[in-house]
Structures are given as C-alpha cells and as structure tokens.
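> Structure: start23.cif, mmCIF, C-alpha atoms.
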data_upload
loop_
_atom_site.label_atom_id
_atom_site.label_comp_id
_atom_site.auth_asym_id
_atom_site.auth_seq_id
_atom_site.Cartn_x
_atom_site.Cartn_y
_atom_site.Cartn_z
CA MET G 1 40.46 12.33 -16.40
CA CYS G 2 36.76 12.96 -15.83
CA PRO G 3 34.99 10.57 -13.42
CA ALA G 4 33.03 7.66 -14.86
CA PRO G 5 29.29 8.43 -15.15
CA HIS G 6 27.09 7.00 -12.44
CA ASP G 7 24.62 4.39 -13.67
CA LYS G 8 21.10 4.40 -12.31
CA PRO G 9 19.65 0.94 -11.56
CA LEU G 10 16.86 -0.71 -13.51
CA THR G 11 13.70 -0.19 -11.46
CA LEU G 12 10.34 -1.73 -12.33
CA ALA G 13 7.22 -1.48 -10.16
CA GLY G 14 9.28 -0.19 -7.26
CA ARG G 15 11.82 -3.02 -7.33
CA THR G 16 15.46 -2.64 -8.36
CA TYR G 17 17.31 -5.20 -10.48
CA ASN G 18 21.02 -5.75 -11.14
CA SER G 19 20.57 -7.60 -14.43
CA ARG G 20 19.24 -5.79 -17.49
CA LEU G 21 18.55 -9.05 -19.32
CA LEU G 22 15.04 -10.53 -19.14
CA VAL G 23 14.50 -14.01 -20.54
CA GLY G 24 11.65 -16.24 -21.62
CA THR G 25 10.98 -19.87 -20.79
CA GLY G 26 9.62 -21.31 -24.05
CA LYS G 27 11.14 -23.34 -26.88
CA TYR G 28 13.76 -25.22 -24.85
CA LYS G 29 14.08 -28.98 -25.29
CA ASP G 30 13.20 -29.71 -21.67
CA MET G 31 12.91 -28.22 -18.19
CA ASP G 32 16.55 -28.93 -17.33
CA GLU G 33 17.79 -26.92 -20.29
CA THR G 34 15.37 -24.12 -19.38
CA ARG G 35 16.74 -23.97 -15.85
CA ALA G 36 20.40 -24.14 -16.93
CA ALA G 37 20.04 -21.41 -19.59
CA ILE G 38 18.22 -19.05 -17.26
CA GLU G 39 20.86 -19.54 -14.57
CA ALA G 40 23.66 -18.86 -17.09
CA SER G 41 21.95 -15.67 -18.29
CA GLY G 42 22.08 -14.06 -14.86
CA ALA G 43 18.54 -12.80 -15.44
CA GLU G 44 16.40 -11.89 -12.46
CA ILE G 45 13.11 -11.46 -14.35
CA VAL G 46 11.70 -14.46 -16.20
CA THR G 47 8.65 -14.16 -18.45
CA VAL G 48 6.10 -16.96 -18.75
CA ALA G 49 3.37 -17.40 -21.37
CA VAL G 50 0.32 -18.13 -19.22
CA ARG G 51 -1.68 -19.65 -22.09
CA ARG G 52 1.11 -22.05 -23.08
CA THR G 53 2.88 -22.90 -19.82
CA ASN G 54 1.60 -24.57 -16.68
CA ILE G 55 2.17 -22.42 -13.61
CA GLY G 56 -0.50 -24.14 -11.55
CA GLN G 57 -3.59 -23.98 -13.74
CA ASN G 58 -3.17 -27.66 -14.77
CA PRO G 59 -2.82 -29.76 -11.59
CA GLY G 60 -0.96 -33.01 -12.09
CA GLU G 61 1.17 -31.70 -14.98
CA PRO G 62 4.80 -30.52 -14.69
CA ASN G 63 4.82 -27.01 -13.22
CA LEU G 64 7.41 -24.53 -14.50
CA LEU G 65 7.53 -22.90 -11.08
CA ASP G 66 9.11 -26.07 -9.73
CA VAL G 67 12.13 -25.27 -11.92
CA ILE G 68 11.99 -21.44 -11.93
CA SER G 69 11.32 -20.56 -8.31
CA PRO G 70 9.36 -17.34 -7.60
CA GLU G 71 11.54 -16.99 -4.51
CA ARG G 72 14.61 -16.60 -6.71
CA TYR G 73 13.17 -14.89 -9.81
CA THR G 74 10.55 -12.26 -10.50
CA ILE G 75 7.96 -14.08 -12.59
CA LEU G 76 6.61 -11.92 -15.42
CA PRO G 77 3.42 -13.57 -16.77
CA ASN G 78 2.71 -12.57 -20.37
CA THR G 79 -0.27 -12.71 -22.68
CA ALA G 80 1.44 -14.40 -25.66
CA GLY G 81 -1.13 -16.00 -27.92
CA CYS G 82 -3.81 -13.35 -27.29
CA PHE G 83 -5.29 -11.58 -30.31
CA ASP G 84 -7.74 -9.14 -28.70
CA ALA G 85 -7.95 -6.97 -25.61
CA LEU G 86 -10.61 -9.05 -23.85
CA GLU G 87 -8.53 -12.22 -24.12
CA ALA G 88 -5.41 -10.43 -22.86
CA VAL G 89 -7.17 -8.92 -19.84
CA ARG G 90 -8.67 -12.30 -18.93
CA THR G 91 -5.22 -13.91 -19.12
CA CYS G 92 -3.66 -11.29 -16.84
CA ARG G 93 -6.40 -11.77 -14.27
CA LEU G 94 -5.85 -15.54 -14.36
CA ALA G 95 -2.13 -15.00 -13.79
CA ARG G 96 -2.85 -12.76 -10.80
CA GLU G 97 -4.97 -15.50 -9.24
CA LEU G 98 -2.35 -18.20 -9.89
CA LEU G 99 0.48 -16.06 -8.49
CA ASP G 100 -1.28 -14.91 -5.30
CA GLY G 101 -2.10 -11.35 -6.29
CA HIS G 102 1.02 -10.71 -8.38
CA SER G 103 0.40 -7.48 -10.34
CA LEU G 104 3.40 -7.26 -12.68
CA VAL G 105 2.50 -8.45 -16.19
CA LYS G 106 3.75 -8.25 -19.74
CA LEU G 107 0.95 -7.29 -22.11
CA GLU G 108 1.16 -8.39 -25.72
CA VAL G 109 -1.78 -8.44 -28.10
CA LEU G 110 -0.89 -9.87 -31.49
CA ALA G 111 -2.33 -8.93 -34.89
CA ASP G 112 -1.93 -12.24 -36.75
CA GLN G 113 -0.17 -15.61 -36.65
CA LYS G 114 2.11 -14.96 -39.62
CA THR G 115 3.93 -11.84 -38.39
CA LEU G 116 3.09 -11.81 -34.65
CA PHE G 117 3.16 -8.04 -35.05
CA PRO G 118 1.47 -6.17 -32.20
CA ASN G 119 -2.11 -5.03 -32.67
CA VAL G 120 -1.67 -1.56 -31.24
CA ILE G 121 -5.39 -0.72 -31.18
CA GLU G 122 -6.22 -3.75 -29.03
CA THR G 123 -3.04 -3.20 -27.00
CA LEU G 124 -4.13 0.33 -26.08
CA LYS G 125 -7.59 -0.95 -25.07
CA ALA G 126 -6.16 -3.70 -22.88
CA ALA G 127 -3.58 -1.41 -21.31
CA GLU G 128 -6.25 1.04 -20.17
CA VAL G 129 -8.30 -1.71 -18.52
CA LEU G 130 -5.32 -3.36 -16.83
CA VAL G 131 -3.87 -0.11 -15.44
CA LYS G 132 -7.27 0.81 -13.98
CA ASP G 133 -7.47 -2.71 -12.54
CA GLY G 134 -4.25 -2.18 -10.58
CA PHE G 135 -1.78 -4.07 -12.78
CA ASP G 136 1.82 -2.95 -13.33
CA VAL G 137 1.90 -3.25 -17.11
CA MET G 138 5.01 -3.76 -19.20
CA VAL G 139 3.80 -3.58 -22.78
CA TYR G 140 5.04 -5.09 -26.05
CA THR G 141 4.43 -2.68 -28.88
CA SER G 142 5.55 -1.54 -32.32
CA ASP G 143 8.47 0.85 -32.73
CA ASP G 144 6.07 3.75 -33.32
CA PRO G 145 7.15 6.60 -31.01
CA ILE G 146 3.61 8.01 -30.81
CA ILE G 147 2.12 4.71 -29.64
CA ALA G 148 4.94 4.30 -27.13
CA ARG G 149 4.19 7.75 -25.74
CA GLN G 150 0.47 7.01 -25.48
CA LEU G 151 1.10 3.75 -23.62
CA ALA G 152 3.28 5.57 -21.10
CA GLU G 153 0.59 8.24 -20.68
CA ILE G 154 -2.01 5.53 -19.99
CA GLY G 155 0.16 4.41 -17.08
CA CYS G 156 2.21 1.47 -18.35
CA ILE G 157 5.38 1.15 -16.26
CA ALA G 158 7.58 0.18 -19.25
CA VAL G 159 7.28 0.16 -23.02
CA MET G 160 8.81 -2.69 -24.99
CA PRO G 161 9.16 -1.89 -28.70
CA LEU G 162 10.16 -4.69 -31.02
CA ALA G 163 13.60 -4.69 -32.64
CA GLY G 164 12.37 -7.13 -35.28
CA LEU G 165 9.50 -9.59 -35.62
CA ILE G 166 9.23 -12.21 -32.87
CA GLY G 167 11.53 -15.17 -33.44
CA THR G 168 13.19 -13.82 -36.60
CA GLY G 169 16.60 -12.97 -35.15
CA LEU G 170 16.87 -10.03 -37.56
CA GLY G 171 18.35 -7.72 -34.94
CA ILE G 172 17.67 -3.99 -34.62
CA CYS G 173 15.76 -3.25 -37.83
CA ASN G 174 14.96 0.41 -37.13
CA PRO G 175 17.42 2.03 -34.71
CA TYR G 176 16.15 5.51 -35.62
CA ASN G 177 12.65 4.93 -34.26
CA LEU G 178 14.14 3.40 -31.13
CA ARG G 179 16.26 6.50 -30.63
CA ILE G 180 13.16 8.73 -30.84
CA ILE G 181 11.32 6.53 -28.34
CA LEU G 182 14.32 6.71 -26.00
CA GLU G 183 14.60 10.50 -26.31
CA GLU G 184 10.95 10.96 -25.33
CA ALA G 185 10.71 8.17 -22.76
CA SER G 186 9.19 8.87 -19.37
CA VAL G 187 9.32 5.16 -18.40
CA PRO G 188 11.92 2.42 -18.95
CA VAL G 189 12.32 1.24 -22.55
CA LEU G 190 13.13 -2.42 -23.19
CA VAL G 191 13.78 -3.98 -26.58
CA ASP G 192 11.53 -6.98 -26.99
CA ALA G 193 11.69 -9.41 -29.94
CA GLY G 194 14.02 -9.70 -32.90
CA VAL G 195 17.35 -10.14 -31.12
CA GLY G 196 19.35 -12.95 -32.75
CA THR G 197 22.81 -12.87 -31.22
CA ALA G 198 24.97 -11.11 -28.67
CA SER G 199 25.90 -8.18 -30.91
CA ASP G 200 22.19 -7.34 -31.37
CA ALA G 201 21.76 -7.15 -27.61
CA ALA G 202 24.85 -4.97 -27.27
CA ILE G 203 23.58 -2.57 -29.94
CA ALA G 204 20.23 -2.21 -28.17
CA MET G 205 22.03 -1.31 -24.96
CA GLU G 206 24.44 1.07 -26.73
CA LEU G 207 21.41 2.96 -28.05
CA GLY G 208 20.40 3.59 -24.44
CA CYS G 209 17.72 0.95 -23.86
CA ASP G 210 17.15 0.14 -20.20
CA ALA G 211 17.05 -3.62 -20.78
CA VAL G 212 16.43 -6.34 -23.37
CA LEU G 213 13.97 -9.24 -23.27
CA MET G 214 14.63 -12.33 -25.36
CA ASN G 215 13.72 -15.99 -25.71
CA SER G 216 14.30 -17.45 -29.19
CA ALA G 217 17.84 -16.06 -29.50
CA ILE G 218 18.87 -18.24 -26.56
CA ALA G 219 16.53 -21.21 -26.88
CA HIS G 220 17.16 -21.69 -30.63
CA ALA G 221 20.94 -21.32 -30.42
CA GLY G 222 23.10 -24.37 -31.11
CA HIS G 223 24.14 -24.31 -27.45
CA PRO G 224 21.49 -22.39 -25.48
CA VAL G 225 23.37 -22.31 -22.17
CA LEU G 226 26.48 -20.89 -23.85
CA MET G 227 24.40 -18.30 -25.72
CA ALA G 228 22.69 -17.31 -22.48
CA LYS G 229 26.10 -16.54 -20.99
CA ALA G 230 27.09 -14.60 -24.13
CA MET G 231 23.92 -12.51 -23.83
CA LYS G 232 24.69 -11.74 -20.20
CA TYR G 233 28.06 -10.26 -21.12
CA ALA G 234 26.70 -8.50 -24.22
CA ILE G 235 24.12 -6.66 -22.13
CA GLU G 236 26.79 -5.60 -19.64
CA ALA G 237 29.22 -4.50 -22.37
CA GLY G 238 26.56 -2.57 -24.26
CA ARG G 239 25.49 -0.72 -21.13
CA LEU G 240 29.07 0.22 -20.28
CA ALA G 241 29.66 1.43 -23.85
CA TYR G 242 26.51 3.57 -23.65
CA LEU G 243 27.67 5.14 -20.40
CA ALA G 244 31.19 5.66 -21.73
CA GLY G 245 30.01 7.41 -24.91
CA ARG G 246 31.45 6.25 -28.22
CA MET G 247 33.93 8.26 -30.24
CA PRO G 248 32.42 10.26 -33.13
CA LYS G 249 32.44 8.64 -36.56
CA LYS G 250 34.74 10.32 -39.08
CA LEU G 251 35.10 10.05 -42.83
CA TYR G 252 38.90 10.20 -42.85
CA ALA G 253 41.70 8.74 -40.78
CA SER G 254 42.86 10.30 -37.53
CA ALA G 255 46.21 9.30 -36.02
CA SER G 256 45.99 7.47 -32.71
CA SER G 257 49.14 9.22 -31.50
CA PRO G 258 49.53 13.02 -31.46
CA LEU G 259 51.52 14.53 -34.33
CA GLU G 260 52.96 17.37 -32.26
CA GLY G 261 56.45 16.93 -30.90
CA LEU G 262 57.57 14.28 -33.38
CA ILE G 263 61.36 13.69 -33.48
CA ARG G 264 62.68 15.06 -36.73
#
Can you dump the structure from the file as structure tokens?


Amino acid sequence: MCPAPHDKPLTLAGRTYNSRLLVGTGKYKDMDETRAAIEASGAEIVTVAVRRTNIGQNPGEPNLLDVISPERYTILPNTAGCFDALEAVRTCRLARELLDGHSLVKLEVLADQKTLFPNVIETLKAAEVLVKDGFDVMVYTSDDPIIARQLAEIGCIAVMPLAGLIGTGLGICNPYNLRIILEEASVPVLVDAGVGTASDAAIAMELGCDAVLMNSAIAHAGHPVLMAKAMKYAIEAGRLAYLAGRMPKKLYASASSPLEGLIR
C-alpha cells in the first residue's frame, strides 16, 4: 500500500490555517445566531462587509467584533457593496484604520445590483492600487482563467473565482474553468459565491480548490448552525477525496472482486 499523500496547509499572508472553510457574517437573524453558526463551522477566517456591518465606525451601535473576537478569528474585511475601484480602495483603507493596521482584505467590485457579477476592469484597477499600498489582497473575480492569472501577477495573495452568482445557491456552474484556473494557479484558489449545500462545497474541494468562502448557504439554511457543521465536514471530506484521488469513470461495469481464481 502506498503511503497517504502529505497535505500542505492553507497559508495566507504568511499565516497558516487548519480550517479551509471561510464564512461570512451577514444575513443571520441576530448576533447570537451569527456567533453560534461561525463556531459550528470551525472556520478561522471570518469575512465582514465594512460598508454594511459596524466594526467600530458607528460608536454606540452593536459592534460585530464584540461577538466575533479578533483574538480568536482572523477578520477579513471585504468591499461588498462597492461598484468602482475608488470606492473599494477607500473602503479597504477605512478597514485598515478600524482594525489597527490590519492589511488582509477581500476585494470585490461589483458590476450591477441584479447579478452582483464582478466588474473585472474595476477589480484589476483596485487590485493594483491596493497591492502597491501594502495590502494583502484576496480577490473575488469571475471564473475567467486569464483574469485570474492577471490578478495573481499583480500581486494578489489569493484569487477567489465564483462558482455561481452570489446568493443563488446554484453550486459549481463551470467546473471546467475552475480546473484551468487551478492548473495555472501560482497563489491559493478559493471558491467564492454560489455554494448552496454541503455537496457543492465538497465538489469544490475535490476539484483541488484550496478553500471555500460562503455566507448565504449557511445563513439562509433552515437551520444555519446545523448547516454550518455540515459545511465543516463537507470541506474536510472533499479535501481528503482530492488527496486520495478518485477512481476513473468507466462506461461499463467492473467487478469489485477479482475474477481470477474463482472456484469452479
């Protein structure tokens, strides 16, 4: 029996993580549910929409950081709700001030309200500015392999192609583009957006993705805390299946037991 393959850890901006599941903090019914779901997920990186969530910019209002402690989790501020590069850069700089010089950010620049598809032109512009400004940029993008390559060349520390449109739960709509991105990747590749249930997360990991980021799939589930736990195990199972290597698909049957040496 050949030895099991050694798995390399997920490393982002020089820090190593045990969990390959990243989760969001929006769309829950209240702060208690947010806290419970994130704990159940086992996630170590939690993303926060700076323009929609109070992390200190609104004194006197409930602060998410009172529930999701920066001492326990890596806070990943994101630019959700930004529709041009200037707005996204400004939001990242605000997050850095609020989080005492924190440089790790998730960049997303959206094209329109209806699809929430990434505006790749504005994303490229913002990425260049942020990298030069000393940010560690994880970037939400389309599943275009050429754009993913260009973002890595700019200096983004991770590319995050969508699996499906944000909040749709459609799952992995184009596994073939993801496979090309993964083959060419020089930085970690994380699926971001479109995951609807645990099997979607497992498929992303089986393809070879380094991690998966999700929010709606957990927050909009009938029982968010239970779904968070399901996602934790799906990520782990998918990673193990990727490392193990699946059997080849065949058109015809193949006996599970050898035919040689049958008693006649």

> Where's the centre, and what are the edge lengths in Å to one decimal, of a box along x, y and z enclosing all listed atoms of region 124-132 of chain G padded 6 Å per side, as lines of an AutoDock Vina configuration file?


center_x = -5.9
center_y = -1.3
center_z = -20.0
size_x = 16.7
size_y = 16.7
size_z = 24.1

> Since I can't run it myself right now, could you work out what the PyMOL selection byres ((chain G and resi 45-54) around 8) selects here and report it as an mmCIF file with C-alpha atoms, in the coordinates of the input?


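And here's selection-v1.cif as it stands now:
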data_model
loop_
_atom_site.group_PDB
_atom_site.id
_atom_site.type_symbol
_atom_site.label_atom_id
_atom_site.label_comp_id
_atom_site.auth_asym_id
_atom_site.auth_seq_id
_atom_site.Cartn_x
_atom_site.Cartn_y
_atom_site.Cartn_z
ATOM 1 C CA LEU G 21 18.550 -9.050 -19.320
ATOM 2 C CA LEU G 22 15.040 -10.530 -19.140
ATOM 3 C CA VAL G 23 14.500 -14.010 -20.540
ATOM 4 C CA GLY G 24 11.650 -16.240 -21.620
ATOM 5 C CA THR G 25 10.980 -19.870 -20.790
ATOM 6 C CA GLY G 26 9.620 -21.310 -24.050
ATOM 7 C CA ALA G 43 18.540 -12.800 -15.440
ATOM 8 C CA GLU G 44 16.400 -11.890 -12.460
ATOM 9 C CA ILE G 55 2.170 -22.420 -13.610
ATOM 10 C CA GLY G 56 -0.500 -24.140 -11.550
ATOM 11 C CA GLN G 57 -3.590 -23.980 -13.740
ATOM 12 C CA ASN G 58 -3.170 -27.660 -14.770
ATOM 13 C CA GLU G 61 1.170 -31.700 -14.980
ATOM 14 C CA PRO G 62 4.800 -30.520 -14.690
ATOM 15 C CA ASN G 63 4.820 -27.010 -13.220
ATOM 16 C CA LEU G 64 7.410 -24.530 -14.500
ATOM 17 C CA TYR G 73 13.170 -14.890 -9.810
ATOM 18 C CA THR G 74 10.550 -12.260 -10.500
ATOM 19 C CA ILE G 75 7.960 -14.080 -12.590
ATOM 20 C CA LEU G 76 6.610 -11.920 -15.420
ATOM 21 C CA PRO G 77 3.420 -13.570 -16.770
ATOM 22 C CA ASN G 78 2.710 -12.570 -20.370
ATOM 23 C CA THR G 79 -0.270 -12.710 -22.680
ATOM 24 C CA ALA G 80 1.440 -14.400 -25.660
ATOM 25 C CA GLY G 81 -1.130 -16.000 -27.920
ATOM 26 C CA THR G 91 -5.220 -13.910 -19.120
ATOM 27 C CA ALA G 95 -2.130 -15.000 -13.790
ATOM 28 C CA LYS G 106 3.750 -8.250 -19.740
#

> Given only C-alpha atoms as the basis, pick out the residue of G:Pro118, G:Asn215, G:Leu178, G:Leu170 nearest to Asp143 (chain G).

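The answer is G:Leu178, which sits nearest to Asp143 (chain G).
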
> Could you tell me how far CA of Asn18 (chain G) sits from CA of Glu236 (chain G), in Å to one decimal place?

10.3 Å

> Between CA of Leu162 (chain G) and CA of Leu104 (chain G), measure the distance and give it in Å to one decimal.

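Computed distance, CA of Leu162 (chain G) to CA of Leu104 (chain G), equals 19.7 Å.
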
> Quick one: of G:Gly167, G:Cys209, G:Met247, G:Tyr17, who's nearest to Ala221 (chain G), counting only C-alpha atoms?

G:Gly167

> At a cut-off of 8 Å, using all atoms listed in the file, what residues contact Tyr242 (chain G)? Leave out same-chain residues fewer than 2 positions from it and give the result as a list of chain:residue names.

G:Met205, G:Glu206, G:Leu207, G:Gly208, G:Gly238, G:Arg239, G:Leu240, G:Ala244, G:Gly245, G:Arg246

> Closest to Ala40 (chain G) among G:Lys229, G:Pro9, G:Val212, G:Val195, using all atoms listed in the file?

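For Ala40 (chain G), the nearest of the candidates is G:Lys229.
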
> Expand the PyMOL selection byres ((chain G and resi 29) around 12) into the explicit residue set it covers here, and present it as a ChimeraX atom specification.

/G:25-28,30-37,218-225

> Considering all atoms listed in the file, state which residue in the set G:Ser41, G:Ser103, G:Ser254, G:Thr16 is at the smallest distance from Ala230 (chain G).

G:Ser41

> Considering all atoms listed in the file, can you say which of G:Ala234, G:Glu128, G:Tyr252, G:Ile181 comes closest to Ile203 (chain G)?

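With all atoms listed in the file as the atom set, the closest residue is G:Ala234.
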
> Nearest to Ala211 (chain G): which of G:Leu86, G:Met227, G:Leu10, G:Leu94 is it, counting only C-alpha atoms?

G:Leu10

> Can you tell me how far CA of Leu98 (chain G) sits from CA of Ala85 (chain G), in Å to one decimal?

20.1 Å

> Translate the PyMOL selection byres ((chain G and resi 180) around 12), as applied to the file shown, into an explicit residue set as a PDB file with C-alpha atoms, in the frame of the given file.


ATOM      1  CA  ASP G 143       8.470   0.850 -32.730  1.00  0.00           C
ATOM      2  CA  ASP G 144       6.070   3.750 -33.320  1.00  0.00           C
ATOM      3  CA  PRO G 145       7.150   6.600 -31.010  1.00  0.00           C
ATOM      4  CA  ILE G 146       3.610   8.010 -30.810  1.00  0.00           C
ATOM      5  CA  ILE G 147       2.120   4.710 -29.640  1.00  0.00           C
ATOM      6  CA  ALA G 148       4.940   4.300 -27.130  1.00  0.00           C
ATOM      7  CA  ARG G 149       4.190   7.750 -25.740  1.00  0.00           C
ATOM      8  CA  PRO G 161       9.160  -1.890 -28.700  1.00  0.00           C
ATOM      9  CA  ASN G 174      14.960   0.410 -37.130  1.00  0.00           C
ATOM     10  CA  PRO G 175      17.420   2.030 -34.710  1.00  0.00           C
ATOM     11  CA  TYR G 176      16.150   5.510 -35.620  1.00  0.00           C
ATOM     12  CA  ASN G 177      12.650   4.930 -34.260  1.00  0.00           C
ATOM     13  CA  LEU G 178      14.140   3.400 -31.130  1.00  0.00           C
ATOM     14  CA  ARG G 179      16.260   6.500 -30.630  1.00  0.00           C
ATOM     15  CA  ILE G 181      11.320   6.530 -28.340  1.00  0.00           C
ATOM     16  CA  LEU G 182      14.320   6.710 -26.000  1.00  0.00           C
ATOM     17  CA  GLU G 183      14.600  10.500 -26.310  1.00  0.00           C
ATOM     18  CA  GLU G 184      10.950  10.960 -25.330  1.00  0.00           C
ATOM     19  CA  ALA G 185      10.710   8.170 -22.760  1.00  0.00           C
ATOM     20  CA  VAL G 189      12.320   1.240 -22.550  1.00  0.00           C
ATOM     21  CA  LEU G 207      21.410   2.960 -28.050  1.00  0.00           C
ATOM     22  CA  GLY G 208      20.400   3.590 -24.440  1.00  0.00           C
ATOM     23  CA  CYS G 209      17.720   0.950 -23.860  1.00  0.00           C
TER      24      CYS G 209
END

> Give as a ChimeraX atom specification each residue that has an atom at most 8 Å from (23.2, -11.5, -31.0) in the file, counting all atoms listed in the file.

/G:169,171,195-202,217,231

> List the neighbours of Phe117 (chain G) out to 12 Å using only C-alpha atoms; skip same-chain residues closer than 4 positions along the sequence, and give me the result as an MDAnalysis selection string.

chainID G and resid 80:83 108:113 121:123 140:143 161:168 192:194
